Amino acid sequence: MTSSNSIEHQLVNPATEAIAAVFDGAPRLLTIAGAKVGIIDDSKQNADVLLQELAEVLKNKYEISGVEWHRKPSASRPADPAKLKLLTDNCDAVVIAIGD
């Protein structure tokens, strides 16, 4: 008695190409001298220390015109969209840093 059970197998290559989302960042400023800079503090330990030092360097060395601050309630929560809108409307550039 002969059995004709034939099973067909297909090999699949599990490798894929990364799908990168299109991202058009904001245009770069020609200079930050005279610019108003928004700073977002993520509320992690030492983020405020780092950002305060950065603000001083930007004021003293790069002659920015001012700083507008926003502190998130916690690092795990997104920034308030209304506050982000205010920063983008009132500032020439915005910086966020993560403490720790």
# chains A, B, ... in the order shown; residues from 1 in each chain; ligands from 1

call {"tool": "select_by_dssp", "arguments": {"residues": "chain A", "states": "helix (DSSP H, G or I)", "output": "MDAnalysis selection string"}}
result
chainID A and resid 47:60 81:90

call {"tool": "closest_residue", "arguments": {"among": "A:Lys61, A:Lys83, A:Lys44, A:His9", "to": "Ala97 of chain A", "atoms": "only C-alpha atoms"}}
result
A:Lys44

call {"tool": "residues_around", "arguments": {"residues": "Cys91 of chain A", "least_positions_apart": "3", "cutoff": "6 Å", "atoms": "only C-alpha atoms", "output": "ChimeraX atom specification"}}
result
/A:36-38,87-88

call {"tool": "closest_residue", "arguments": {"among": "A:Glu56, A:Asp41, A:Asp24, A:Asp89", "to": "Arg71 of chain A", "atoms": "only C-alpha atoms"}}
result
A:Asp41

call {"tool": "atom_distance", "arguments": {"atom1": "atom CA of Val49 of chain A", "atom2": "atom CA of Leu30 of chain A"}}
result
27.5 Å

call {"tool": "closest_residue", "arguments": {"among": "A:Val67, A:Ile96, A:Ala79, A:Leu84", "to": "Ala35 of chain A", "atoms": "only C-alpha atoms"}}
result
A:Val67

call {"tool": "select_by_dssp", "arguments": {"residues": "chain A", "states": "strand (DSSP E or B)", "output": "number ranges by chain"}}
result
A: 36-41, 66-71, 93-97

call {"tool": "atom_distance", "arguments": {"atom1": "atom CA of Ile39 of chain A", "atom2": "atom CA of Ala21 of chain A"}}
result
25.6 Å

call {"tool": "residues_around", "arguments": {"residues": "Asp80 of chain A", "least_positions_apart": "5", "cutoff": "12 Å", "atoms": "only C-alpha atoms", "output": "PyMOL selection string"}}
result
chain A and resi 40+42+70-74+85-87

call {"tool": "closest_residue", "arguments": {"among": "A:Asn13, A:Ser6, A:Asn90, A:Ser65", "to": "Ile32 of chain A", "atoms": "only C-alpha atoms"}}
result
A:Ser65

call {"tool": "atom_distance", "arguments": {"atom1": "atom CA of Glu68 of chain A", "atom2": "atom CA of Leu51 of chain A"}}
result
11.6 Å

call {"tool": "decode", "arguments": {"residues": "segment 55-95 of chain A", "atoms": "N, CA and C atoms", "output": "tab-separated table (two decimals), in the first residue's frame"}}
result
chain	number	residue	atom	x	y	z
A	55	ALA	N	19.14	77.80	30.24
A	55	ALA	CA	18.56	79.13	30.05
A	55	ALA	C	19.60	80.22	30.32
A	56	GLU	N	20.42	80.04	31.34
A	56	GLU	CA	21.47	81.03	31.66
A	56	GLU	C	22.51	81.09	30.54
A	57	VAL	N	22.90	79.93	30.03
A	57	VAL	CA	23.88	79.91	28.92
A	57	VAL	C	23.28	80.59	27.69
A	58	LEU	N	22.03	80.29	27.39
A	58	LEU	CA	21.38	80.90	26.22
A	58	LEU	C	21.28	82.41	26.37
A	59	LYS	N	20.99	82.88	27.58
A	59	LYS	CA	20.89	84.32	27.81
A	59	LYS	C	22.26	85.00	27.72
A	60	ASN	N	23.24	84.44	28.41
A	60	ASN	CA	24.55	85.09	28.53
A	60	ASN	C	25.44	84.91	27.30
A	61	LYS	N	25.46	83.74	26.74
A	61	LYS	CA	26.37	83.48	25.63
A	61	LYS	C	25.73	83.73	24.26
A	62	TYR	N	24.45	83.42	24.14
A	62	TYR	CA	23.80	83.50	22.83
A	62	TYR	C	22.80	84.64	22.73
A	63	GLU	N	22.66	85.41	23.79
A	63	GLU	CA	21.86	86.65	23.80
A	63	GLU	C	20.42	86.48	23.34
A	64	ILE	N	19.76	85.42	23.87
A	64	ILE	CA	18.33	85.28	23.57
A	64	ILE	C	17.58	86.40	24.28
A	65	SER	N	16.40	86.70	23.79
A	65	SER	CA	15.65	87.83	24.36
A	65	SER	C	14.86	87.45	25.61
A	66	GLY	N	14.57	86.18	25.79
A	66	GLY	CA	13.82	85.77	26.97
A	66	GLY	C	13.48	84.30	26.94
A	67	VAL	N	12.92	83.85	28.06
A	67	VAL	CA	12.56	82.44	28.22
A	67	VAL	C	11.13	82.36	28.73
A	68	GLU	N	10.37	81.43	28.19
A	68	GLU	CA	9.03	81.15	28.70
A	68	GLU	C	9.02	79.69	29.15
A	69	TRP	N	8.62	79.46	30.39
A	69	TRP	CA	8.69	78.14	31.01
A	69	TRP	C	7.34	77.45	31.03
A	70	HIS	N	7.39	76.12	30.90
A	70	HIS	CA	6.22	75.27	31.15
A	70	HIS	C	6.71	74.02	31.86
A	71	ARG	N	6.09	73.67	32.97
A	71	ARG	CA	6.46	72.46	33.71
A	71	ARG	C	5.31	71.46	33.62
A	72	LYS	N	5.62	70.27	33.08
A	72	LYS	CA	4.61	69.22	33.01
A	72	LYS	C	4.31	68.70	34.41
A	73	PRO	N	3.09	68.20	34.65
A	73	PRO	CA	2.77	67.67	35.98
A	73	PRO	C	3.55	66.40	36.31
A	74	SER	N	3.90	65.62	35.29
A	74	SER	CA	4.74	64.44	35.51
A	74	SER	C	5.35	64.04	34.17
A	75	ALA	N	6.45	63.31	34.24
A	75	ALA	CA	7.15	62.90	33.02
A	75	ALA	C	6.32	61.95	32.18
A	76	SER	N	5.45	61.19	32.82
A	76	SER	CA	4.68	60.18	32.10
A	76	SER	C	3.42	60.75	31.42
A	77	ARG	N	3.12	62.00	31.69
A	77	ARG	CA	1.93	62.60	31.08
A	77	ARG	C	2.34	63.57	29.98
A	78	PRO	N	1.57	63.65	28.92
A	78	PRO	CA	1.92	64.60	27.86
A	78	PRO	C	1.72	66.04	28.33
A	79	ALA	N	2.40	66.93	27.67
A	79	ALA	CA	2.23	68.35	27.99
A	79	ALA	C	0.82	68.78	27.57
A	80	ASP	N	0.28	69.73	28.29
A	80	ASP	CA	-1.04	70.28	28.01
A	80	ASP	C	-1.02	70.92	26.61
A	81	PRO	N	-1.89	70.47	25.70
A	81	PRO	CA	-1.90	71.03	24.35
A	81	PRO	C	-2.09	72.55	24.31
A	82	ALA	N	-2.88	73.09	25.22
A	82	ALA	CA	-3.08	74.54	25.25
A	82	ALA	C	-1.78	75.26	25.62
A	83	LYS	N	-1.02	74.68	26.56
A	83	LYS	CA	0.27	75.28	26.95
A	83	LYS	C	1.27	75.17	25.79
A	84	LEU	N	1.27	74.04	25.09
A	84	LEU	CA	2.15	73.89	23.93
A	84	LEU	C	1.81	74.91	22.85
A	85	LYS	N	0.53	75.14	22.65
A	85	LYS	CA	0.09	76.14	21.67
A	85	LYS	C	0.60	77.52	22.05
A	86	LEU	N	0.50	77.86	23.34
A	86	LEU	CA	1.01	79.16	23.80
A	86	LEU	C	2.52	79.27	23.56
A	87	LEU	N	3.25	78.20	23.85
A	87	LEU	CA	4.70	78.23	23.63
A	87	LEU	C	5.03	78.42	22.15
A	88	THR	N	4.35	77.67	21.29
A	88	THR	CA	4.66	77.78	19.87
A	88	THR	C	4.21	79.12	19.29
A	89	ASP	N	3.17	79.71	19.86
A	89	ASP	CA	2.72	81.01	19.39
A	89	ASP	C	3.62	82.14	19.87
A	90	ASN	N	4.19	82.00	21.07
A	90	ASN	CA	4.94	83.09	21.69
A	90	ASN	C	6.45	82.95	21.62
A	91	CYS	N	6.95	81.81	21.16
A	91	CYS	CA	8.39	81.57	21.18
A	91	CYS	C	8.91	81.26	19.79
A	92	ASP	N	10.18	81.56	19.60
A	92	ASP	CA	10.84	81.27	18.33
A	92	ASP	C	11.38	79.84	18.28
A	93	ALA	N	11.66	79.27	19.45
A	93	ALA	CA	12.17	77.90	19.56
A	93	ALA	C	11.72	77.33	20.89
A	94	VAL	N	11.60	76.01	20.96
A	94	VAL	CA	11.18	75.35	22.19
A	94	VAL	C	12.14	74.19	22.47
A	95	VAL	N	12.54	74.06	23.74
A	95	VAL	CA	13.46	73.01	24.17
A	95	VAL	C	12.77	72.19	25.25
